[in-house]
Amino acid sequence: MKPEPVIQIRGLTKSFGPIEVLKGIDLDVPPGKCAVVMGGSGSGKSVLIKTIVGLLKADKGTINVLGERVDLLAGDELDKLRLSMGFLFQSGALFDSMTVSENLMFFLERHLHLPPAEAADRILQTLEWVGLPEKLHDYPAALSGGQKKRIALARSIIMEPKILLYDEPTTGLDPVSVRMVAHLIVRLQAERGITSIAITHDLLCAEIIADEVHFLQDGRFIASGSLEDISRLDHPSIVTFFGNETIHPV
Amino acid sequence: MATRLLIESTSTSTSNSNISHSLRDLLIEFGDLARFSGQFVVRFWRRPFEGRELLRQMDEVGSKSFILTSITGLAIGVVLAMQSRGTLIRFGAEAVLPSMLALSVVKEIGPVFTSLVLAGRLGAGIGAEIGSMRVTEQIDALEVAALKPFHFLVITRVLACMIMFPILTLWTDAIALLGGYMESYLASGMDYRIFLSTAFESLRFSDVLVDTLKTSFFGFIVGIVSCFLGFNVRGGTREVGTAAMRAVVGSSLFILLSDVIIVRISMLLFGDM
């Protein structure tokens with residue numbers, strides 16, 4: 001029997017003034033799987049992921065996450081659901097007035113009220129998990145792009161979410177850092193059973209993390225399947241997007 | 001000729017349309033600012049109370065503006081005493097210099113100057129800080145982590161301004177009177193006891209209270225205008241800079257306009273001095 005999807009989207013539309021950015025999106029993400037949404041710039045990828053987490057309100061359609069209707073929730077009810085979700089922003093969005101440790105502690109002390117020693121332990125373990133325990137007292141300005149992304153990932157998982165949403169997790173990184181971040185995402189899925197959606201136009205990252213790929217163009221999914229299958233499709237937008245890249249199953 | 005007339009008429013109608021668009025945008029922005037202020041009033045009473053961040057912001061507003069307000073106060077006191085002395089001597093009224101100084105400083109110059117100086121420092125700082133947090137998605141990060149950015153960023157800053165403005169104003173007033181006394185001592189060797197008794201006998205408690213407490217409202221203006229402009233930045237660093245500049249200009253203008261209204265109301269309530 002097919003498991004119930006953890007994230008289920010039906011007929012999602014979203015407009016900004018006269019511009020319709022999402023035009024009826026349907027998406028199912030089964031538990032423990034990583035769905036990757038690809039597409040060119042301005043295709044609506046970031047709008048989609050921000051609507052799922054409730055940063056933007058859907059105009060029409062339903063968004064079901066962990067059995068709750070995100071499109072109907074607001075205020076404290078939405079905040080409660082958000083505690084089960086992590087979000088990795090394109091820029092990392094680390095609080096630059098705080099050290100790495102304070103960035104992580106900020107979330108813990110407000111939501112879990114752990115004793116200081118236990119909180120410090122959890123922070124150190126999480127930083128070890130992303131391979132950067134030595135950066136505990138550094139400010140974000142002192143970190144490289146790849147390190148910022150890994151710290152931001154650590155901050156996203158410190159609350160032990162069931163779902164993770166990645167907005168361009170590897171944009172602007174060198175291939176070594178892309179592999180490092182992408183393998184962390186795969187490990188999260190394998191070790192913690194996290195269900196995730198990743199928005200990316202980085203083929204290397206998608207190759208490593210994707211269980212299923214959805215290709216978005218002009219607010220609609222024009223293809224869904226494995227990355228390898230999609231890359232072989234003879235659709236002009238897809239051909240242009242993939243260029244001469246050869247996709248190998250990972 | 002006909003072509004030229006047509007062009008002129010088009011350009012006039014374009015400029016009229018631009019003015020009406022700008023006016024409409026301004027009115028919409030005022031409406032949004034009013035709604036933002038309403039949210040402050042409503043959410044102020046709701047959890048979470050960010051006590052530690054409030055203290056941090058009070059420190060940011062207060063102790064880091066201390067030197068600035070001290071210099072402002074000293075300059076006000078010395079300059080006011082120097083400029084008034086000559087005129088008062090001509091009318092044989094040099095003895096009233098301390099009371100004139102105390103009244104002008106406590107009732108108007110101290111509160112308004114302090115608030116304008118603080119609007120310059122804090123308006124730009126708050127507008128730029130929150131604006132850059134907006135464009136680097138830090139506010140979104142707070143939102144998706146269920147951390148209520150309005151409470152953490154807006155309420156704490158506005159409240160810190162409301163608490164610290166009157167305190168800094170009292171300090172500026174005191175330093176201004178000290179500056180005035182120093183000038184009087186150097187110019188005419190005035191005894192400090194005479195200076196103090198003449199200065200304070202002309203002041204009523206209601207003057208000090210109302211004119212100092214009105215700066216709490218000025219603090220609200222600086223905090224809410226700067227947070228509003230920072231919170232609503234869209235774009236990049238250029239827009240952050242614009243928000244910081246508009247925060248200073250907007251706060252200063254609102255302070256000057258609201259001062260007129262507050263003074264009128266206080267004269268109705270407590271009488272003309």
# chains A, B, ... in the order shown; residues from 1 in each chain; ligands from 1
>>> residues_around(residues="Val100 of chain A", least_positions_apart="3", cutoff="7 Å", atoms="only C-alpha atoms", output="list in words")
Asn103, Leu104, Lys135, Leu136, His137, Asp138, Tyr139 and Pro140 of chain A
>>> write_last_selection(atoms="C-alpha atoms", output="mmCIF file, in the first residue's frame")
data_model
loop_
_atom_site.group_PDB
_atom_site.id
_atom_site.type_symbol
_atom_site.label_atom_id
_atom_site.label_comp_id
_atom_site.auth_asym_id
_atom_site.auth_seq_id
_atom_site.Cartn_x
_atom_site.Cartn_y
_atom_site.Cartn_z
ATOM 1 C CA ASN A 103 22.250 31.497 16.412
ATOM 2 C CA LEU A 104 21.507 27.921 17.439
ATOM 3 C CA LYS A 135 33.112 27.480 14.542
ATOM 4 C CA LEU A 136 31.071 27.681 17.756
ATOM 5 C CA HIS A 137 32.143 31.210 18.689
ATOM 6 C CA ASP A 138 32.585 32.671 15.194
ATOM 7 C CA TYR A 139 30.304 35.296 13.716
ATOM 8 C CA PRO A 140 28.640 34.517 10.354
#
>>> interface_residues(of="chain A", to="chain B", cutoff="12 Å", atoms="only C-alpha atoms", output="MDAnalysis selection string")
chainID A and resid 49:56 74:98 103:104 106:111 152 155:161 164:165 167
>>> atom_distance(atom1="atom CA of Leu177 of chain B", atom2="atom CA of Val112 of chain B")
15.6 Å
>>> residues_around(residues="Phe113 of chain B", least_positions_apart="5", cutoff="12 Å", atoms="only C-alpha atoms", output="ChimeraX atom specification")
/B:68-77,104-108,118-120,165,168-170,172-173,176,212,215,218,252,255-256,259
>>> select_by_dssp(residues="segment 26-203 of chain A", states="helix (DSSP H, G or I)", output="PyMOL selection string")
chain A and resi 45-52+70-72+75-82+100-111+116-129+133-135+140-142+145-157+175-192+203
